[in-house]
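A.B. asks: Hey, dropping protein20.txt in here, compact mmCIF, C-alpha atoms and all ligand atoms:
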```txt
# COMPACT_ATOMS: atom_id res chain seq x y z
CA MET Y 1 27.46 41.53 -23.06
CA GLY Y 2 25.11 42.57 -20.24
CA ARG Y 3 25.81 41.33 -16.73
CA ARG Y 4 23.50 38.67 -15.50
CA SER Y 5 21.83 39.45 -12.22
CA PRO Y 6 23.08 37.01 -9.57
CA ARG Y 7 20.46 34.33 -9.21
CA ARG Y 8 20.65 31.40 -6.87
CA LEU Y 9 19.87 28.12 -8.58
CA LEU Y 10 17.18 26.20 -6.75
CA SER Y 11 17.96 22.60 -5.99
CA LEU Y 12 15.09 20.29 -6.63
CA VAL Y 13 14.66 16.55 -6.06
CA LYS Y 14 11.59 14.55 -7.07
CA SER Y 15 10.48 11.06 -6.14
CA SER Y 16 7.37 8.97 -6.77
CA ALA Y 17 5.88 5.81 -5.32
CA PRO Y 18 3.02 3.63 -6.59
CA GLY Y 19 -0.05 2.31 -4.81
CA LYS Y 20 -0.40 -1.39 -4.00
CA ILE Y 21 -3.07 -4.01 -3.81
CA ILE Y 22 -3.09 -7.30 -1.91
CA LEU Y 23 -4.09 -10.19 -4.19
CA PHE Y 24 -4.19 -12.97 -1.59
CA GLY Y 25 -3.46 -13.63 2.06
CA GLU Y 26 -4.40 -10.46 3.97
CA HIS Y 27 -4.94 -10.85 7.72
CA ALA Y 28 -3.38 -14.34 7.75
CA VAL Y 29 -0.14 -12.57 6.78
CA VAL Y 30 -0.09 -10.87 10.18
CA TYR Y 31 0.24 -14.42 11.59
CA HIS Y 32 3.21 -15.37 9.38
CA ARG Y 33 1.20 -16.93 6.54
CA PRO Y 34 2.21 -15.99 2.96
CA ALA Y 35 0.49 -13.20 1.04
CA LEU Y 36 0.79 -11.87 -2.49
CA ALA Y 37 0.67 -8.20 -3.38
CA VAL Y 38 1.45 -6.13 -6.45
CA PRO Y 39 2.16 -2.46 -7.15
CA VAL Y 40 -0.63 -0.41 -8.75
CA THR Y 41 1.09 2.07 -11.02
CA GLN Y 42 -2.09 3.79 -12.24
CA VAL Y 43 -2.05 5.79 -9.02
CA GLN Y 44 0.95 7.34 -7.31
CA VAL Y 45 2.40 9.79 -4.85
CA ASP Y 46 4.78 12.49 -6.11
CA VAL Y 47 7.06 14.39 -3.78
CA GLU Y 48 9.31 17.30 -4.59
CA VAL Y 49 11.78 18.85 -2.21
CA LEU Y 50 13.31 22.21 -3.00
CA ASP Y 51 15.30 25.01 -1.41
CA SER Y 52 13.34 27.76 0.27
CA ASP Y 53 14.20 31.40 0.95
CA SER Y 54 12.12 31.45 4.11
CA ALA Y 55 13.10 29.77 7.35
CA GLY Y 56 11.76 26.32 8.19
CA VAL Y 57 10.30 23.32 6.41
CA HIS Y 58 7.12 24.25 4.55
CA ILE Y 59 4.92 21.34 3.62
CA HIS Y 60 2.16 21.49 1.05
CA ALA Y 61 0.05 18.32 0.80
CA PRO Y 62 -3.39 19.21 -0.53
CA MET Y 63 -4.75 15.64 -0.40
CA VAL Y 64 -4.65 15.80 3.41
CA ASN Y 65 -5.37 19.56 3.60
CA LEU Y 66 -1.91 20.32 4.88
CA ASN Y 67 -0.18 23.61 4.21
CA GLY Y 68 2.10 24.49 7.09
CA GLU Y 69 5.50 24.60 8.70
CA LEU Y 70 6.96 21.47 10.30
CA ASN Y 71 7.25 22.95 13.81
CA THR Y 72 3.57 23.88 13.89
CA LEU Y 73 2.44 20.27 13.36
CA PRO Y 74 1.46 17.97 16.23
CA ALA Y 75 4.33 15.67 17.28
CA ASP Y 76 2.56 12.57 15.95
CA HIS Y 77 1.63 14.07 12.58
CA ALA Y 78 2.02 11.35 9.92
CA ILE Y 79 4.01 13.49 7.45
CA GLY Y 80 5.84 15.56 10.07
CA SER Y 81 7.10 12.46 11.83
CA VAL Y 82 8.50 11.04 8.57
CA ILE Y 83 10.50 14.24 7.99
CA LEU Y 84 11.81 14.28 11.56
CA LYS Y 85 12.78 10.61 11.26
CA VAL Y 86 14.84 11.37 8.14
CA PHE Y 87 16.57 14.31 9.86
CA SER Y 88 17.35 12.20 12.89
CA ALA Y 89 18.65 9.26 10.80
CA LEU Y 90 20.95 11.68 8.97
CA GLY Y 91 22.09 13.36 12.19
CA ILE Y 92 20.59 16.72 11.20
CA SER Y 93 19.75 18.73 14.31
CA THR Y 94 18.87 22.11 12.71
CA SER Y 95 16.16 21.92 10.06
CA PRO Y 96 17.28 23.22 6.64
CA ASN Y 97 15.04 25.72 4.82
CA LEU Y 98 12.89 23.65 2.50
CA ASN Y 99 9.68 23.48 0.58
CA ILE Y 100 8.12 20.05 0.30
CA ASN Y 101 5.25 19.48 -2.11
CA ILE Y 102 3.32 16.24 -1.93
CA THR Y 103 0.59 15.28 -4.37
CA SER Y 104 -1.19 11.97 -4.64
CA THR Y 105 -3.73 10.20 -6.80
CA ILE Y 106 -3.90 7.26 -4.37
CA PRO Y 107 -7.22 7.33 -2.49
CA VAL Y 108 -6.58 7.82 1.24
CA ALA Y 109 -7.53 5.02 3.72
CA ALA Y 110 -8.77 2.72 1.00
CA GLY Y 111 -6.30 -0.16 1.20
CA LEU Y 112 -4.15 1.09 -1.67
CA GLY Y 113 -1.17 1.94 0.51
CA SER Y 114 -1.41 5.73 0.32
CA GLY Y 115 0.32 6.25 3.69
CA ALA Y 116 3.23 3.94 2.90
CA ALA Y 117 3.60 5.49 -0.57
CA VAL Y 118 3.84 9.00 0.91
CA SER Y 119 6.49 7.76 3.35
CA VAL Y 120 8.52 5.97 0.65
CA ALA Y 121 8.52 8.90 -1.78
CA LEU Y 122 9.16 11.46 0.95
CA ILE Y 123 12.07 9.56 2.52
CA ARG Y 124 13.67 9.03 -0.89
CA ALA Y 125 13.24 12.64 -2.03
CA LEU Y 126 14.38 14.15 1.25
CA SER Y 127 17.42 11.91 1.75
CA SER Y 128 18.51 12.47 -1.88
CA PHE Y 129 17.99 16.23 -1.52
CA LEU Y 130 20.22 16.14 1.54
CA SER Y 131 22.81 14.22 -0.55
CA LYS Y 132 22.55 11.05 1.50
CA PRO Y 133 20.09 8.83 -0.38
CA PHE Y 134 19.00 5.78 1.58
CA THR Y 135 19.16 2.31 0.06
CA ASP Y 136 15.90 0.48 -0.71
CA GLU Y 137 16.45 -1.70 2.36
CA GLN Y 138 16.90 1.37 4.57
CA VAL Y 139 13.78 3.00 3.10
CA ASN Y 140 11.80 -0.20 3.63
CA ASP Y 141 12.92 -0.50 7.26
CA MET Y 142 12.12 3.13 8.02
CA VAL Y 143 8.68 2.96 6.45
CA PHE Y 144 7.92 -0.21 8.41
CA GLU Y 145 8.77 1.64 11.64
CA ILE Y 146 6.42 4.46 10.59
CA GLU Y 147 3.66 1.99 9.66
CA LYS Y 148 3.95 0.52 13.16
CA LEU Y 149 3.28 3.95 14.69
CA HIS Y 150 0.04 4.30 12.76
CA HIS Y 151 -1.23 0.75 12.31
CA GLY Y 152 -0.32 -1.13 15.46
CA THR Y 153 0.93 -4.53 14.27
CA PRO Y 154 1.35 -4.31 10.48
CA SER Y 155 2.82 -7.29 8.65
CA GLY Y 156 5.12 -5.07 6.58
CA ILE Y 157 3.63 -6.06 3.23
CA ASP Y 158 2.61 -2.51 2.22
CA ASN Y 159 6.02 -0.91 2.71
CA THR Y 160 7.73 -3.84 0.97
CA VAL Y 161 5.64 -3.84 -2.22
CA ILE Y 162 5.73 -0.07 -2.49
CA THR Y 163 9.45 0.34 -1.76
CA PHE Y 164 10.50 -2.32 -4.26
CA SER Y 165 7.62 -1.67 -6.69
CA LYS Y 166 7.50 -5.34 -7.68
CA PRO Y 167 5.08 -8.24 -7.16
CA VAL Y 168 5.91 -9.63 -3.73
CA PHE Y 169 5.39 -13.02 -2.09
CA PHE Y 170 5.53 -11.93 1.49
CA ILE Y 171 6.05 -13.83 4.72
CA LYS Y 172 6.48 -11.66 7.78
CA GLY Y 173 10.03 -11.73 9.11
CA GLN Y 174 11.45 -13.56 6.08
CA PRO Y 175 13.69 -12.17 3.32
CA ILE Y 176 11.80 -10.42 0.53
CA GLU Y 177 10.75 -12.69 -2.33
CA THR Y 178 9.37 -11.43 -5.60
CA PHE Y 179 7.47 -13.68 -7.99
CA LYS Y 180 7.34 -13.98 -11.77
CA VAL Y 181 4.14 -13.40 -13.67
CA GLY Y 182 4.05 -16.20 -16.28
CA LYS Y 183 1.20 -14.60 -18.21
CA PRO Y 184 -0.11 -11.06 -17.55
CA PHE Y 185 -3.62 -10.75 -16.17
CA THR Y 186 -6.04 -7.95 -15.47
CA ILE Y 187 -7.86 -7.06 -12.30
CA VAL Y 188 -10.48 -4.45 -11.57
CA ILE Y 189 -10.25 -2.73 -8.20
CA GLY Y 190 -13.57 -1.46 -6.85
CA ASP Y 191 -13.71 0.99 -3.98
CA THR Y 192 -16.70 0.74 -1.62
CA GLY Y 193 -16.03 4.33 -0.54
CA VAL Y 194 -16.45 3.17 3.05
CA PRO Y 195 -13.45 4.30 5.10
CA ALA Y 196 -12.15 1.36 7.10
CA PRO Y 197 -9.20 1.67 9.46
CA THR Y 198 -7.05 -1.43 9.04
CA LYS Y 199 -6.01 -1.19 12.68
CA GLU Y 200 -9.60 -1.95 13.76
CA SER Y 201 -10.14 -5.01 11.59
CA VAL Y 202 -6.69 -6.35 12.52
CA GLY Y 203 -7.58 -5.81 16.20
CA ASP Y 204 -10.92 -7.60 15.77
CA VAL Y 205 -9.25 -10.58 14.10
CA ARG Y 206 -6.79 -10.68 16.99
CA ALA Y 207 -9.69 -10.75 19.46
CA LEU Y 208 -11.25 -13.68 17.54
CA TRP Y 209 -7.91 -15.49 17.53
CA GLN Y 210 -7.46 -14.95 21.26
CA LYS Y 211 -10.91 -16.40 21.90
CA ASP Y 212 -10.53 -19.50 19.74
CA GLN Y 213 -7.01 -20.03 18.45
CA ASP Y 214 -7.66 -23.53 17.02
CA THR Y 215 -10.47 -22.41 14.74
CA ILE Y 216 -8.81 -19.21 13.60
CA GLU Y 217 -5.43 -20.87 13.01
CA LYS Y 218 -7.22 -23.38 10.73
CA ILE Y 219 -8.69 -20.51 8.72
CA PHE Y 220 -5.23 -18.94 8.45
CA ASP Y 221 -3.86 -22.28 7.20
CA GLN Y 222 -6.58 -22.48 4.55
CA ILE Y 223 -5.76 -18.94 3.44
CA ALA Y 224 -2.07 -19.89 3.29
CA ALA Y 225 -2.90 -22.84 1.02
CA VAL Y 226 -4.87 -20.50 -1.28
CA SER Y 227 -1.94 -18.04 -1.43
CA LEU Y 228 0.51 -20.83 -2.31
CA SER Y 229 -1.77 -22.16 -5.07
CA ALA Y 230 -2.19 -18.62 -6.37
CA ARG Y 231 1.54 -18.07 -6.59
CA GLN Y 232 1.90 -21.32 -8.55
CA ALA Y 233 -0.91 -20.39 -10.92
CA ILE Y 234 0.59 -16.96 -11.56
CA GLU Y 235 4.11 -18.29 -12.10
CA ASN Y 236 2.92 -21.15 -14.32
CA GLY Y 237 1.07 -18.75 -16.61
CA ASN Y 238 -2.33 -20.02 -15.54
CA PRO Y 239 -3.98 -16.88 -14.14
CA GLU Y 240 -7.51 -18.03 -15.09
CA SER Y 241 -7.49 -20.34 -12.08
CA LEU Y 242 -7.01 -17.35 -9.76
CA GLY Y 243 -10.73 -16.63 -10.02
CA GLY Y 244 -11.77 -19.66 -7.97
CA LEU Y 245 -8.97 -18.99 -5.51
CA MET Y 246 -10.20 -15.41 -5.05
CA ASN Y 247 -13.68 -16.69 -4.29
CA GLN Y 248 -12.28 -19.14 -1.71
CA ASN Y 249 -10.16 -16.42 -0.13
CA HIS Y 250 -13.16 -14.08 0.08
CA ALA Y 251 -15.23 -16.73 1.87
CA LEU Y 252 -12.41 -17.36 4.37
CA LEU Y 253 -12.08 -13.62 5.03
CA GLY Y 254 -15.84 -13.57 5.62
CA GLN Y 255 -15.31 -16.21 8.33
CA LEU Y 256 -12.80 -13.84 9.91
CA THR Y 257 -15.66 -11.26 9.97
CA VAL Y 258 -13.78 -8.69 7.89
CA SER Y 259 -16.16 -8.53 4.93
CA SER Y 260 -19.14 -6.16 4.92
CA PRO Y 261 -22.46 -5.85 3.09
CA GLU Y 262 -20.89 -3.28 0.73
CA LEU Y 263 -17.92 -5.53 -0.06
CA ASP Y 264 -20.13 -8.58 -0.52
CA SER Y 265 -22.42 -6.75 -2.89
CA LEU Y 266 -19.53 -5.48 -5.05
CA VAL Y 267 -18.01 -8.98 -5.10
CA GLU Y 268 -21.34 -10.41 -6.22
CA ALA Y 269 -21.88 -7.69 -8.84
CA ALA Y 270 -18.44 -8.42 -10.32
CA ARG Y 271 -19.09 -12.16 -10.47
CA ASN Y 272 -22.51 -11.61 -12.05
CA ALA Y 273 -20.95 -9.33 -14.66
CA GLY Y 274 -18.57 -12.09 -15.79
CA ALA Y 275 -15.54 -11.74 -13.52
CA LEU Y 276 -13.70 -15.04 -13.07
CA GLY Y 277 -13.65 -14.45 -9.32
CA ALA Y 278 -13.62 -11.64 -6.76
CA LYS Y 279 -12.63 -10.92 -3.18
CA LEU Y 280 -12.16 -8.11 -0.73
CA SER Y 281 -8.61 -6.77 -0.58
CA GLY Y 282 -6.73 -5.39 2.41
CA GLY Y 283 -8.11 -4.80 5.87
CA GLY Y 284 -11.74 -5.23 4.82
CA ARG Y 285 -15.01 -3.91 6.36
CA GLY Y 286 -14.81 -1.26 3.62
CA GLY Y 287 -12.04 -0.11 1.33
CA ASN Y 288 -11.47 -2.12 -1.82
CA MET Y 289 -12.34 -5.36 -3.50
CA ILE Y 290 -10.70 -6.89 -6.56
CA ALA Y 291 -12.08 -8.92 -9.45
CA LEU Y 292 -10.22 -11.05 -11.98
CA VAL Y 293 -11.29 -10.13 -15.49
CA THR Y 294 -10.31 -10.69 -19.10
CA LYS Y 295 -9.67 -7.98 -21.68
CA GLU Y 296 -13.23 -8.58 -22.85
CA THR Y 297 -14.93 -8.32 -19.46
CA ALA Y 298 -12.85 -5.53 -17.87
CA GLU Y 299 -15.18 -2.76 -18.97
CA SER Y 300 -18.47 -4.49 -18.20
CA VAL Y 301 -17.26 -5.58 -14.75
CA SER Y 302 -16.06 -2.06 -14.04
CA ALA Y 303 -19.45 -0.64 -15.12
CA ALA Y 304 -21.31 -3.23 -13.01
CA LEU Y 305 -19.25 -2.26 -9.96
CA LEU Y 306 -20.01 1.42 -10.45
CA SER Y 307 -23.71 0.76 -10.78
CA ALA Y 308 -23.59 -1.46 -7.68
CA GLY Y 309 -22.28 1.53 -5.71
CA ALA Y 310 -18.50 1.51 -6.15
CA LYS Y 311 -17.10 4.99 -5.68
CA ARG Y 312 -14.40 4.39 -8.27
CA THR Y 313 -12.76 1.56 -10.16
CA ILE Y 314 -9.21 1.08 -11.34
CA VAL Y 315 -8.33 -1.44 -14.03
CA THR Y 316 -4.78 -2.65 -13.63
CA LYS Y 317 -2.67 -5.19 -15.48
CA VAL Y 318 -0.41 -7.41 -13.42
CA SER Y 319 2.68 -8.25 -15.45
O1 LIG O 1 -5.73 -2.38 4.38
P1 LIG O 1 -4.41 -2.61 3.75
O2 LIG O 1 -4.46 -2.77 2.26
O3 LIG O 1 -3.35 -1.69 4.21
O4 LIG O 1 -3.93 -4.07 4.13
C1 LIG O 1 -3.92 -4.57 5.38
C2 LIG O 1 -3.47 -5.97 5.30
C3 LIG O 1 -3.57 -6.73 6.60
O5 LIG O 1 -3.09 -8.04 6.32
C4 LIG O 1 -5.00 -6.82 7.07
C5 LIG O 1 -2.73 -6.09 7.69
C6 LIG O 1 -1.24 -6.17 7.45
O6 LIG O 1 -0.52 -5.43 8.13
O7 LIG O 1 -0.77 -6.99 6.64
```
Please, can you express the file's structure as structure tokens?

C.D. replies:
Amino acid sequence: MGRRSPRRLLSLVKSSAPGKIILFGEHAVVYHRPALAVPVTQVQVDVEVLDSDSAGVHIHAPMVNLNGELNTLPADHAIGSVILKVFSALGISTSPNLNINITSTIPVAAGLGSGAAVSVALIRALSSFLSKPFTDEQVNDMVFEIEKLHHGTPSGIDNTVITFSKPVFFIKGQPIETFKVGKPFTIVIGDTGVPAPTKESVGDVRALWQKDQDTIEKIFDQIAAVSLSARQAIENGNPESLGGLMNQNHALLGQLTVSSPELDSLVEAARNAGALGAKLSGGGRGGNMIALVTKETAESVSAALLSAGAKRTIVTKVS
């Protein structure tokens, strides 16, 4: 028998995280009103961490044009700071030699939670690779801290839905609650293609609130009532009634000035093509909208959105 040449086995750990979409309650959720969000599993981030023969932590993340070593990144780099946070939480002072590959099919800065998904998958893969996997609660807390660095005053809904990968009924500062889907339903997500930093729209809503708290609080209360009715409809297996609630929620978000001509025209195109209702989703001003459809109308609504200027559509079943 010939001698095998000594060959070091590479260790490899992989982790994935889905995208997310907010169904109801965005913006008001920053002010402790309830919101509903669900994972979007048609898109995801994949992270692999493996041993490297060369010194340092080499990161390859083509979706953000990153191919470099950790120490060469600016201190506030989104991915670099996640890695350093994991090292510090694990008490690692000398970086191990690693290759980290990150790929994603979640559109960046489009309200689908791409940043939080990268953080969740990266923290899980890295902590498992280093033989100290964090619990879901620890991952969720860490990602929330990272979201705060990049988004100012996030509610925490993105990190929660993505970490637990379940439909979430979310109230800021309260224990995580998931909800049951009594009867599956389908939504079409339409992307305006307009990049819209959530931090800006959240800041603008805050400015409105500071100017006229009574009026804005009333709008938040109306949004809260819509979110509560939506949860009931979903749990009671009556998703058809979500259409009207989406339309109400969209109008209330318009009053908060976070819609845009592009969002309004996609919402209208979806309704005209037979959607049961439609609304913007997430921070607004750009990014995504959602439309409630049936099996029969999913394709025509999706086509109508594309011809009304949507950059892409995703059809997703909530179940
Ligand atoms: O733009 P997105 O999908 O990340 O959602 C932002 C949702 C807001 O309610 C506007 C802000 C937040 O932190 O909840």

A.B. asks: With all atoms listed in the file as the atoms that count, which of Y:Ile157, Y:Val47, Y:Gly193, Y:Leu70 lies nearest to Thr105 of chain Y?

C.D. replies: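 For Thr105 of chain Y, the nearest of the candidates is Y:Val47.
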
A.B. asks: What box, with edges along x, y and z, holds each listed atom of segment 271-276 of chain Y when 4 Å is added on every side, and can you state its centre and edge lengths in Å to one decimal, as JSON?

C.D. replies:
```
{"center_x": -18.1, "center_y": -12.2, "center_z": -13.1, "size_x": 16.8, "size_y": 13.7, "size_z": 13.3}
```

A.B. asks: Just the number, please: distance in Å from atom CA of Ala37 of chain Y to atom CA of Lys20 of chain Y, one decimal.

C.D. replies: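 Between atom CA of Ala37 of chain Y and atom CA of Lys20 of chain Y the gap works out to 6.9 Å.
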
A.B. asks: Using only C-alpha atoms, which of Y:Arg206, Y:Arg124, Y:Leu292, Y:Ser201 sits nearest Leu245 of chain Y?

C.D. replies: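 Among the listed residues, the smallest separation from Leu245 of chain Y belongs to Y:Leu292.
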
A.B. asks: Find the residues near ligand LIG 1 (chain O). Use a cut-off of 10 Å, count all atoms listed in the file, and write them as a ChimeraX atom specification.

C.D. replies: /Y:19-33,35,37,109-116,144,147-148,151-159,170-172,196-203,205,258,280-288

A.B. asks: Can you work out which one of Y:Pro175, Y:Pro133, Y:Gly56, Y:Pro167 has the shortest atom-to-atom distance to Ser95 of chain Y, counting all atoms listed in the file?

C.D. replies: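 Between Y:Pro175, Y:Pro133, Y:Gly56, Y:Pro167, the residue approaching Ser95 of chain Y most closely is Y:Gly56.
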
A.B. asks: Select from segment 131-239 of chain Y every residue with an atom at most 8 Å from any atom of segment 298-313 of chain Y, then for each give the shortest pair of atoms and their distance in Å to one decimal, using all atoms listed in the file, rows by chain and rising number, as a tab-separated table.

C.D. replies:
```
residue	atom	partner	partner_atom	distance
Y:Thr186	CA	Y:Ala298	CA	7.6
Y:Ile187	CA	Y:Ala298	CA	7.6
Y:Val188	CA	Y:Ser302	CA	6.6
Y:Ile189	CA	Y:Thr313	CA	5.3
Y:Gly190	CA	Y:Thr313	CA	4.6
Y:Asp191	CA	Y:Ala310	CA	5.3
Y:Thr192	CA	Y:Ala310	CA	4.9
Y:Gly193	CA	Y:Lys311	CA	5.3
```

A.B. asks: Extract, using all atoms listed in the file, all DNA, RNA and protein residues at most 9 Å from segment 87-91 of chain Y, discarding same-chain residues fewer than 2 positions from it, and format them as an mmCIF file with C-alpha atoms, keeping the file's coordinate frame.

C.D. replies:
```cif
data_model
loop_
_atom_site.group_PDB
_atom_site.id
_atom_site.type_symbol
_atom_site.label_atom_id
_atom_site.label_comp_id
_atom_site.auth_asym_id
_atom_site.auth_seq_id
_atom_site.Cartn_x
_atom_site.Cartn_y
_atom_site.Cartn_z
ATOM 1 C CA VAL Y 82 8.500 11.040 8.570
ATOM 2 C CA ILE Y 83 10.500 14.240 7.990
ATOM 3 C CA LEU Y 84 11.810 14.280 11.560
ATOM 4 C CA LYS Y 85 12.780 10.610 11.260
ATOM 5 C CA SER Y 93 19.750 18.730 14.310
ATOM 6 C CA THR Y 94 18.870 22.110 12.710
ATOM 7 C CA SER Y 95 16.160 21.920 10.060
ATOM 8 C CA LEU Y 126 14.380 14.150 1.250
ATOM 9 C CA SER Y 127 17.420 11.910 1.750
ATOM 10 C CA LEU Y 130 20.220 16.140 1.540
ATOM 11 C CA LYS Y 132 22.550 11.050 1.500
#
```

A.B. asks: Mind checking which residues fall within 8 Å of segment 208-219 of chain Y, counting all atoms listed in the file, ignoring those fewer than 2 positions away in the same chain, and posting them as a PyMOL selection string?

C.D. replies: chain Y and resi 204-206+221-223+252+255-256

A.B. asks: Provide the atom CA of Asn140 of chain Y to atom CA of Val226 of chain Y distance in Å, to one decimal place.

C.D. replies: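 Going from atom CA of Asn140 of chain Y over to atom CA of Val226 of chain Y, I get 26.7 Å.
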
A.B. asks: With all atoms listed in the file counted, which protein, DNA or RNA residues have an atom no more than 7 Å from (7.0, 7.1, -6.8) in the file frame? Please answer as a PyMOL selection string.

C.D. replies: chain Y and resi 15-18+44-46+121

A.B. asks: Any chance you could export the current selection's C-alpha atoms as an mmCIF file, in the frame of the given file?

C.D. replies:
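The result, stored in again_17.cif:
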```
data_model
loop_
_atom_site.group_PDB
_atom_site.id
_atom_site.type_symbol
_atom_site.label_atom_id
_atom_site.label_comp_id
_atom_site.auth_asym_id
_atom_site.auth_seq_id
_atom_site.Cartn_x
_atom_site.Cartn_y
_atom_site.Cartn_z
ATOM 1 C CA SER Y 15 10.480 11.060 -6.140
ATOM 2 C CA SER Y 16 7.370 8.970 -6.770
ATOM 3 C CA ALA Y 17 5.880 5.810 -5.320
ATOM 4 C CA PRO Y 18 3.020 3.630 -6.590
ATOM 5 C CA GLN Y 44 0.950 7.340 -7.310
ATOM 6 C CA VAL Y 45 2.400 9.790 -4.850
ATOM 7 C CA ASP Y 46 4.780 12.490 -6.110
ATOM 8 C CA ALA Y 121 8.520 8.900 -1.780
#
```

A.B. asks: Enter the distance from atom CA of Asp51 of chain Y to atom CA of Leu12 of chain Y, in Å, rounded to one decimal.

C.D. replies: 7.0 Å

A.B. asks: Write out as an mmCIF file with C-alpha atoms, in the coordinates of the input which residues come within 9 Å of Val13 of chain Y when counting only C-alpha atoms, dropping same-chain ones fewer than 2 positions away.

C.D. replies:
```cif
data_model
loop_
_atom_site.group_PDB
_atom_site.id
_atom_site.type_symbol
_atom_site.label_atom_id
_atom_site.label_comp_id
_atom_site.auth_asym_id
_atom_site.auth_seq_id
_atom_site.Cartn_x
_atom_site.Cartn_y
_atom_site.Cartn_z
ATOM 1 C CA SER Y 11 17.960 22.600 -5.990
ATOM 2 C CA SER Y 15 10.480 11.060 -6.140
ATOM 3 C CA VAL Y 47 7.060 14.390 -3.780
ATOM 4 C CA GLU Y 48 9.310 17.300 -4.590
ATOM 5 C CA VAL Y 49 11.780 18.850 -2.210
ATOM 6 C CA LEU Y 50 13.310 22.210 -3.000
ATOM 7 C CA ALA Y 125 13.240 12.640 -2.030
ATOM 8 C CA LEU Y 126 14.380 14.150 1.250
ATOM 9 C CA SER Y 128 18.510 12.470 -1.880
ATOM 10 C CA PHE Y 129 17.990 16.230 -1.520
#
```

A.B. asks: With distances taken over all atoms listed in the file, which residue among Y:Pro96, Y:Gly244, Y:Gly182, Y:Gly80 lies nearest Asn67 of chain Y?

C.D. replies: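 The answer is Y:Gly80, which sits nearest to Asn67 of chain Y.
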
A.B. asks: Fewer than 4 positions away in the same chain doesn't count, so skip those; otherwise give me all residues within 6 Å of Val181 of chain Y, counting only C-alpha atoms, as a PyMOL selection string.

C.D. replies: chain Y and resi 234-235+319

A.B. asks: Can you tell me which residues surround Phe164 of chain Y at a distance of at most 8 Å, considering only C-alpha atoms, apart from same-chain residues fewer than 3 positions away, and format the answer as a count of residues only?

C.D. replies: 3

A.B. asks: Which one of Y:Val293, Y:Val194, Y:Ala207, Y:Thr41 sits closest to Leu263 of chain Y if you count all atoms listed in the file?

C.D. replies: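 Among Y:Val293, Y:Val194, Y:Ala207, Y:Thr41, it is Y:Val194 that comes nearest to Leu263 of chain Y.
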
A.B. asks: Reconstruct all heavy atoms of segment 233-237 of chain Y from the incomplete input and present them as an mmCIF file, in the coordinates of the input.

C.D. replies:
```
data_model
loop_
_atom_site.group_PDB
_atom_site.id
_atom_site.type_symbol
_atom_site.label_atom_id
_atom_site.label_comp_id
_atom_site.auth_asym_id
_atom_site.auth_seq_id
_atom_site.Cartn_x
_atom_site.Cartn_y
_atom_site.Cartn_z
ATOM 1 N N ALA Y 233 -0.116 -20.681 -9.721
ATOM 2 C CA ALA Y 233 -0.910 -20.390 -10.920
ATOM 3 C C ALA Y 233 -0.343 -19.183 -11.669
ATOM 4 O O ALA Y 233 -0.245 -19.184 -12.895
ATOM 5 C CB ALA Y 233 -2.364 -20.126 -10.524
ATOM 6 N N ILE Y 234 0.058 -18.171 -10.918
ATOM 7 C CA ILE Y 234 0.590 -16.960 -11.560
ATOM 8 C C ILE Y 234 1.925 -17.279 -12.237
ATOM 9 O O ILE Y 234 2.156 -16.926 -13.391
ATOM 10 C CB ILE Y 234 0.773 -15.826 -10.518
ATOM 11 C CG1 ILE Y 234 -0.586 -15.377 -9.985
ATOM 12 C CG2 ILE Y 234 1.515 -14.639 -11.149
ATOM 13 C CD1 ILE Y 234 -0.521 -14.390 -8.818
ATOM 14 N N GLU Y 235 2.782 -18.005 -11.537
ATOM 15 C CA GLU Y 235 4.110 -18.290 -12.100
ATOM 16 C C GLU Y 235 4.012 -19.249 -13.291
ATOM 17 O O GLU Y 235 4.788 -19.154 -14.230
ATOM 18 C CB GLU Y 235 5.021 -18.863 -11.016
ATOM 19 C CG GLU Y 235 5.354 -17.795 -9.985
ATOM 20 C CD GLU Y 235 6.552 -18.125 -9.106
ATOM 21 O OE1 GLU Y 235 6.661 -19.283 -8.658
ATOM 22 O OE2 GLU Y 235 7.353 -17.216 -8.865
ATOM 23 N N ASN Y 236 3.046 -20.175 -13.225
ATOM 24 C CA ASN Y 236 2.920 -21.150 -14.320
ATOM 25 C C ASN Y 236 2.133 -20.610 -15.508
ATOM 26 O O ASN Y 236 1.809 -21.360 -16.423
ATOM 27 C CB ASN Y 236 2.249 -22.433 -13.815
ATOM 28 C CG ASN Y 236 3.115 -23.141 -12.793
ATOM 29 O OD1 ASN Y 236 4.321 -22.871 -12.725
ATOM 30 N ND2 ASN Y 236 2.529 -24.023 -12.003
ATOM 31 N N GLY Y 237 1.788 -19.340 -15.474
ATOM 32 C CA GLY Y 237 1.070 -18.750 -16.610
ATOM 33 C C GLY Y 237 -0.351 -19.254 -16.715
ATOM 34 O O GLY Y 237 -0.883 -19.422 -17.803
#
```
